[in-house]
Every structure is written in C-alpha cells, then in structure tokens.
Amino acid sequence: MSLRVIAGTARGMKLKPVPGEGTRPIMDRVKEALFNIIGSDIPKANFLDLFAGTGSVGIEALSRGATFARFNELDRRAVKTIHQNLGITGLGARARVTRRDAFDLIARRPDRHYHFIYVAPPQYHGIWLKTLAAFDANLTWRLPDSRVIVQIDPHEYAALPTFAHLEAIQQRKYGRTLLLFFQFRATAGAGQE
C-alpha cells in the first residue's frame with residue numbers, strides 16, 4: 001500500500017511503511033474523508049496520534065497546519081518509521097515522538113491541551129473500548145473542545161457502551177474502516193484536579 005500526504009505543505013510526499021504486519025495504515029481515501037470532516041479545525045490545533053503506526057495521520061494534521069502533534073507508539077520499528085517520515089516531510093520541529101504504552105500515557109495528566117486525539121489501536125482485542133474508558137475516567141483529559149476519533153474495523157463494533165463523559169457525535173464507514181467521533185461533555189472542573 002502506498003502512503004502519502006494528501007494536502008498541505010507536505011502534499012504528495014511518500015511515507016515509509018512500518019516493516020512487517022503489525023500495523024494497519026489508514027487508506028488514503030479514508031484519511032482524505034477524515035480530514036474533509038475535521039480539516040477546518042486543524043489549523044493551530046494540537047493533535048495526538050495515540051497508536052501512531054507510520055505517523056501518517058498526525059503528519060497529515062501537521063501538513064494541514066496543526067500547531068503540534070504527538071506521536072505515541074510502543075513498537076520500536078514504528079517509532080523509527082515515524083522519525084523517518086517526519087524527516088521526509090520536514091515536519092519534525094512541531095512534533096514529538098513518545099515510545100510508551102498508550103494506557104500509561106492516558107493515566108497521566110496530558111502535557112498540553114489536545115484538540116484531536118486519534119485512536120487506531122491493534123484490532124480485534126477490544127483495545128479501542130478500553131482506550132475510550134481510560135479517557136473517560138481521567139478528568140484531566142476531559143475538555144469540551146477535545147474530540148476523540150477512533151478507527152476500527154466494522155466487525156469490532158457491536159453496541160456502543162455508555163460513557164459518563166464521552167458522547168458519540170457521528171460515525172462514518174468506508175469499506176473495511178469505521179470512524180467513530182466522540183467529544184467530551186462539558187462538566188464543571190474539566191481539565192483540573
């Protein structure tokens with residue numbers, strides 16, 4: 001599968017895939033559809049690519065004007081690939097790459113206010129639901145203008161559980177990819193301890 005940046009300052013640049021079969025890169029048409037939905041809110045936003053893989057989604061956000069992107073990934077080969085792709089695109093100055101378990105990262109106070117959190121975990125392990133529950137449980141992440149976007153295979157989706165602080169706002173299906181969009185409900189004291 002060919003990976004490329006679709007729009008913005010790095011438009012058309014080809015990205016390296018992660019060696020092996022451990023990641024599932026987003027297809028260009030799905031990435032284009034995603035940014036057609038959120039694109040007008042990307043300039044000056046902070047973006048967290050939580051299970052970053054190749055870094056393709058966070059790099060697209062940077063290319064389209066995001067102020068900052070954090071790429072979190074546990075796999076060493078993926079971390080190396082993200083660094084390579086940031087080098088190819090010249091977008092590394094506005095990025096940080098973290099090699100950490102995603103749930104350890106979510107359990108902590110965020111290092112900044114993230115407007116978008118992209119969640120594309122390994123499939124068929126229920127990790128996306130565990131991830132949403134972790135965000136829902138940590139009040140320091142719960143800012144009403146933060147959106148969480150989940151990328152899963154439609155077969156992973158049955159009935160959506162109810163969260164105390166996260167609400168589903170829309171979903172879109174593109175072949176074998178389902179995008180779920182969530183936002184935090186406005187609550188007193190959100191983002192504070």
# chains A, B, ... in the order shown; residues from 1 in each chain; ligands from 1
$ residues_around --residues "segment 77-88 of chain A" --least-positions-apart "2" --cutoff "6 Å" --atoms "only C-alpha atoms" --output "list in words"
Leu15, Val18, Gly53, Thr54, Gly55, Asp75, Gly90, Leu91 and Gly92 of chain A
$ write_last_selection --atoms "C-alpha atoms" --output "mmCIF file, in the first residue's frame"
data_model
loop_
_atom_site.group_PDB
_atom_site.id
_atom_site.type_symbol
_atom_site.label_atom_id
_atom_site.label_comp_id
_atom_site.auth_asym_id
_atom_site.auth_seq_id
_atom_site.Cartn_x
_atom_site.Cartn_y
_atom_site.Cartn_z
ATOM 1 C CA LEU A 15 5.781 7.987 3.540
ATOM 2 C CA VAL A 18 6.388 0.098 9.115
ATOM 3 C CA GLY A 53 1.989 3.329 13.445
ATOM 4 C CA THR A 54 3.573 5.113 10.470
ATOM 5 C CA GLY A 55 2.570 8.527 11.804
ATOM 6 C CA ASP A 75 6.669 -0.715 18.684
ATOM 7 C CA GLY A 90 10.356 18.248 7.265
ATOM 8 C CA LEU A 91 7.651 18.489 9.943
ATOM 9 C CA GLY A 92 9.670 17.239 12.910
#
$ residues_around --residues "Ala7 of chain A" --least-positions-apart "5" --cutoff "10 Å" --atoms "only C-alpha atoms" --output "PyMOL selection string"
chain A and resi 12-13+32+35+60-61+63-64
$ closest_residue --among "A:Ile42, A:Leu143, A:Val150, A:Met27" --to "Gly8 of chain A" --atoms "only C-alpha atoms"
A:Ile42
$ select_by_dssp --residues "segment 5-193 of chain A" --states "alpha helix (DSSP H)" --output "PyMOL selection string"
chain A and resi 28-38+56-63+76-89+102-107+127-137
$ decode --residues "segment 104-149 of chain A" --atoms "N, CA and C atoms" --output "PDB file, in the first residue's frame"
ATOM      1  N   ASP A 104      -0.556   3.937  29.839  1.00  0.00           N
ATOM      2  CA  ASP A 104       0.294   4.691  30.762  1.00  0.00           C
ATOM      3  C   ASP A 104       0.204   6.181  30.438  1.00  0.00           C
ATOM      4  N   LEU A 105       0.217   6.516  29.168  1.00  0.00           N
ATOM      5  CA  LEU A 105       0.110   7.918  28.744  1.00  0.00           C
ATOM      6  C   LEU A 105      -1.238   8.507  29.159  1.00  0.00           C
ATOM      7  N   ILE A 106      -2.317   7.761  28.935  1.00  0.00           N
ATOM      8  CA  ILE A 106      -3.660   8.262  29.257  1.00  0.00           C
ATOM      9  C   ILE A 106      -3.846   8.411  30.771  1.00  0.00           C
ATOM     10  N   ALA A 107      -3.178   7.574  31.553  1.00  0.00           N
ATOM     11  CA  ALA A 107      -3.322   7.631  33.013  1.00  0.00           C
ATOM     12  C   ALA A 107      -2.705   8.890  33.618  1.00  0.00           C
ATOM     13  N   ARG A 108      -1.829   9.548  32.856  1.00  0.00           N
ATOM     14  CA  ARG A 108      -1.166  10.755  33.341  1.00  0.00           C
ATOM     15  C   ARG A 108      -1.920  12.003  32.909  1.00  0.00           C
ATOM     16  N   ARG A 109      -1.554  13.124  33.496  1.00  0.00           N
ATOM     17  CA  ARG A 109      -2.076  14.414  33.050  1.00  0.00           C
ATOM     18  C   ARG A 109      -1.471  14.711  31.672  1.00  0.00           C
ATOM     19  N   PRO A 110      -2.270  15.165  30.694  1.00  0.00           N
ATOM     20  CA  PRO A 110      -1.706  15.467  29.375  1.00  0.00           C
ATOM     21  C   PRO A 110      -0.696  16.615  29.460  1.00  0.00           C
ATOM     22  N   ASP A 111       0.312  16.574  28.594  1.00  0.00           N
ATOM     23  CA  ASP A 111       1.344  17.606  28.603  1.00  0.00           C
ATOM     24  C   ASP A 111       0.849  18.921  28.000  1.00  0.00           C
ATOM     25  N   ARG A 112      -0.285  18.858  27.315  1.00  0.00           N
ATOM     26  CA  ARG A 112      -0.891  20.054  26.725  1.00  0.00           C
ATOM     27  C   ARG A 112      -2.345  19.745  26.396  1.00  0.00           C
ATOM     28  N   HIS A 113      -3.066  20.748  25.972  1.00  0.00           N
ATOM     29  CA  HIS A 113      -4.464  20.581  25.571  1.00  0.00           C
ATOM     30  C   HIS A 113      -4.482  20.050  24.137  1.00  0.00           C
ATOM     31  N   TYR A 114      -4.984  18.824  23.976  1.00  0.00           N
ATOM     32  CA  TYR A 114      -5.110  18.230  22.636  1.00  0.00           C
ATOM     33  C   TYR A 114      -6.530  18.447  22.123  1.00  0.00           C
ATOM     34  N   HIS A 115      -6.621  19.059  20.962  1.00  0.00           N
ATOM     35  CA  HIS A 115      -7.923  19.303  20.342  1.00  0.00           C
ATOM     36  C   HIS A 115      -8.445  18.043  19.640  1.00  0.00           C
ATOM     37  N   PHE A 116      -7.511  17.227  19.132  1.00  0.00           N
ATOM     38  CA  PHE A 116      -7.871  15.973  18.460  1.00  0.00           C
ATOM     39  C   PHE A 116      -7.017  14.849  19.010  1.00  0.00           C
ATOM     40  N   ILE A 117      -7.664  13.728  19.299  1.00  0.00           N
ATOM     41  CA  ILE A 117      -6.982  12.515  19.753  1.00  0.00           C
ATOM     42  C   ILE A 117      -7.401  11.409  18.793  1.00  0.00           C
ATOM     43  N   TYR A 118      -6.425  10.870  18.060  1.00  0.00           N
ATOM     44  CA  TYR A 118      -6.721   9.842  17.067  1.00  0.00           C
ATOM     45  C   TYR A 118      -6.330   8.478  17.617  1.00  0.00           C
ATOM     46  N   VAL A 119      -7.275   7.553  17.629  1.00  0.00           N
ATOM     47  CA  VAL A 119      -7.108   6.240  18.245  1.00  0.00           C
ATOM     48  C   VAL A 119      -7.308   5.166  17.174  1.00  0.00           C
ATOM     49  N   ALA A 120      -6.208   4.523  16.753  1.00  0.00           N
ATOM     50  CA  ALA A 120      -6.289   3.424  15.781  1.00  0.00           C
ATOM     51  C   ALA A 120      -5.482   2.254  16.326  1.00  0.00           C
ATOM     52  N   PRO A 121      -6.013   1.557  17.340  1.00  0.00           N
ATOM     53  CA  PRO A 121      -5.250   0.505  18.026  1.00  0.00           C
ATOM     54  C   PRO A 121      -5.246  -0.803  17.245  1.00  0.00           C
ATOM     55  N   PRO A 122      -4.413  -1.760  17.696  1.00  0.00           N
ATOM     56  CA  PRO A 122      -4.477  -3.106  17.098  1.00  0.00           C
ATOM     57  C   PRO A 122      -5.915  -3.622  17.152  1.00  0.00           C
ATOM     58  N   GLN A 123      -6.320  -4.299  16.092  1.00  0.00           N
ATOM     59  CA  GLN A 123      -7.735  -4.667  16.010  1.00  0.00           C
ATOM     60  C   GLN A 123      -8.056  -5.991  16.699  1.00  0.00           C
ATOM     61  N   TYR A 124      -9.349  -6.148  16.941  1.00  0.00           N
ATOM     62  CA  TYR A 124      -9.944  -7.380  17.481  1.00  0.00           C
ATOM     63  C   TYR A 124      -9.484  -7.731  18.897  1.00  0.00           C
ATOM     64  N   HIS A 125      -9.093  -6.744  19.683  1.00  0.00           N
ATOM     65  CA  HIS A 125      -8.741  -7.006  21.073  1.00  0.00           C
ATOM     66  C   HIS A 125      -9.550  -6.137  22.024  1.00  0.00           C
ATOM     67  N   GLY A 126     -10.512  -5.398  21.498  1.00  0.00           N
ATOM     68  CA  GLY A 126     -11.310  -4.511  22.328  1.00  0.00           C
ATOM     69  C   GLY A 126     -10.526  -3.335  22.883  1.00  0.00           C
ATOM     70  N   ILE A 127      -9.356  -3.067  22.316  1.00  0.00           N
ATOM     71  CA  ILE A 127      -8.496  -2.010  22.851  1.00  0.00           C
ATOM     72  C   ILE A 127      -9.122  -0.633  22.659  1.00  0.00           C
ATOM     73  N   TRP A 128      -9.881  -0.461  21.598  1.00  0.00           N
ATOM     74  CA  TRP A 128     -10.494   0.862  21.374  1.00  0.00           C
ATOM     75  C   TRP A 128     -11.480   1.194  22.488  1.00  0.00           C
ATOM     76  N   LEU A 129     -12.231   0.196  22.965  1.00  0.00           N
ATOM     77  CA  LEU A 129     -13.179   0.436  24.057  1.00  0.00           C
ATOM     78  C   LEU A 129     -12.450   0.716  25.369  1.00  0.00           C
ATOM     79  N   LYS A 130     -11.389  -0.029  25.609  1.00  0.00           N
ATOM     80  CA  LYS A 130     -10.577   0.193  26.812  1.00  0.00           C
ATOM     81  C   LYS A 130      -9.959   1.597  26.770  1.00  0.00           C
ATOM     82  N   THR A 131      -9.553   2.030  25.594  1.00  0.00           N
ATOM     83  CA  THR A 131      -8.955   3.362  25.432  1.00  0.00           C
ATOM     84  C   THR A 131      -9.982   4.448  25.739  1.00  0.00           C
ATOM     85  N   LEU A 132     -11.176   4.331  25.187  1.00  0.00           N
ATOM     86  CA  LEU A 132     -12.221   5.320  25.461  1.00  0.00           C
ATOM     87  C   LEU A 132     -12.557   5.364  26.948  1.00  0.00           C
ATOM     88  N   ALA A 133     -12.641   4.186  27.583  1.00  0.00           N
ATOM     89  CA  ALA A 133     -12.937   4.134  29.016  1.00  0.00           C
ATOM     90  C   ALA A 133     -11.836   4.818  29.824  1.00  0.00           C
ATOM     91  N   ALA A 134     -10.581   4.674  29.389  1.00  0.00           N
ATOM     92  CA  ALA A 134      -9.463   5.311  30.097  1.00  0.00           C
ATOM     93  C   ALA A 134      -9.540   6.829  29.978  1.00  0.00           C
ATOM     94  N   PHE A 135      -9.851   7.333  28.794  1.00  0.00           N
ATOM     95  CA  PHE A 135     -10.023   8.787  28.641  1.00  0.00           C
ATOM     96  C   PHE A 135     -11.202   9.279  29.477  1.00  0.00           C
ATOM     97  N   ASP A 136     -12.278   8.515  29.479  1.00  0.00           N
ATOM     98  CA  ASP A 136     -13.480   8.882  30.215  1.00  0.00           C
ATOM     99  C   ASP A 136     -13.196   8.974  31.722  1.00  0.00           C
ATOM    100  N   ALA A 137     -12.281   8.131  32.202  1.00  0.00           N
ATOM    101  CA  ALA A 137     -12.000   8.057  33.636  1.00  0.00           C
ATOM    102  C   ALA A 137     -11.034   9.132  34.140  1.00  0.00           C
ATOM    103  N   ASN A 138     -10.221   9.718  33.256  1.00  0.00           N
ATOM    104  CA  ASN A 138      -9.211  10.686  33.685  1.00  0.00           C
ATOM    105  C   ASN A 138      -9.698  12.102  33.389  1.00  0.00           C
ATOM    106  N   LEU A 139     -10.106  12.811  34.421  1.00  0.00           N
ATOM    107  CA  LEU A 139     -10.729  14.114  34.208  1.00  0.00           C
ATOM    108  C   LEU A 139      -9.779  15.147  33.618  1.00  0.00           C
ATOM    109  N   THR A 140      -8.469  14.931  33.715  1.00  0.00           N
ATOM    110  CA  THR A 140      -7.540  15.921  33.155  1.00  0.00           C
ATOM    111  C   THR A 140      -7.543  15.927  31.624  1.00  0.00           C
ATOM    112  N   TRP A 141      -8.085  14.889  31.004  1.00  0.00           N
ATOM    113  CA  TRP A 141      -8.217  14.856  29.542  1.00  0.00           C
ATOM    114  C   TRP A 141      -9.561  15.413  29.076  1.00  0.00           C
ATOM    115  N   ARG A 142     -10.501  15.584  29.981  1.00  0.00           N
ATOM    116  CA  ARG A 142     -11.891  15.849  29.599  1.00  0.00           C
ATOM    117  C   ARG A 142     -12.145  17.333  29.364  1.00  0.00           C
ATOM    118  N   LEU A 143     -11.767  17.790  28.190  1.00  0.00           N
ATOM    119  CA  LEU A 143     -12.003  19.178  27.808  1.00  0.00           C
ATOM    120  C   LEU A 143     -13.082  19.209  26.728  1.00  0.00           C
ATOM    121  N   PRO A 144     -14.065  20.085  26.864  1.00  0.00           N
ATOM    122  CA  PRO A 144     -15.227  20.023  25.973  1.00  0.00           C
ATOM    123  C   PRO A 144     -14.919  20.282  24.500  1.00  0.00           C
ATOM    124  N   ASP A 145     -13.776  20.920  24.198  1.00  0.00           N
ATOM    125  CA  ASP A 145     -13.461  21.124  22.781  1.00  0.00           C
ATOM    126  C   ASP A 145     -12.451  20.098  22.268  1.00  0.00           C
ATOM    127  N   SER A 146     -12.215  19.026  23.029  1.00  0.00           N
ATOM    128  CA  SER A 146     -11.368  17.930  22.568  1.00  0.00           C
ATOM    129  C   SER A 146     -12.243  16.867  21.915  1.00  0.00           C
ATOM    130  N   ARG A 147     -11.804  16.389  20.761  1.00  0.00           N
ATOM    131  CA  ARG A 147     -12.527  15.321  20.082  1.00  0.00           C
ATOM    132  C   ARG A 147     -11.656  14.076  19.994  1.00  0.00           C
ATOM    133  N   VAL A 148     -12.268  12.928  20.218  1.00  0.00           N
ATOM    134  CA  VAL A 148     -11.585  11.648  20.102  1.00  0.00           C
ATOM    135  C   VAL A 148     -12.150  10.949  18.876  1.00  0.00           C
ATOM    136  N   ILE A 149     -11.260  10.528  17.992  1.00  0.00           N
ATOM    137  CA  ILE A 149     -11.664   9.856  16.754  1.00  0.00           C
ATOM    138  C   ILE A 149     -11.075   8.452  16.780  1.00  0.00           C
TER     139      ILE A 149
END
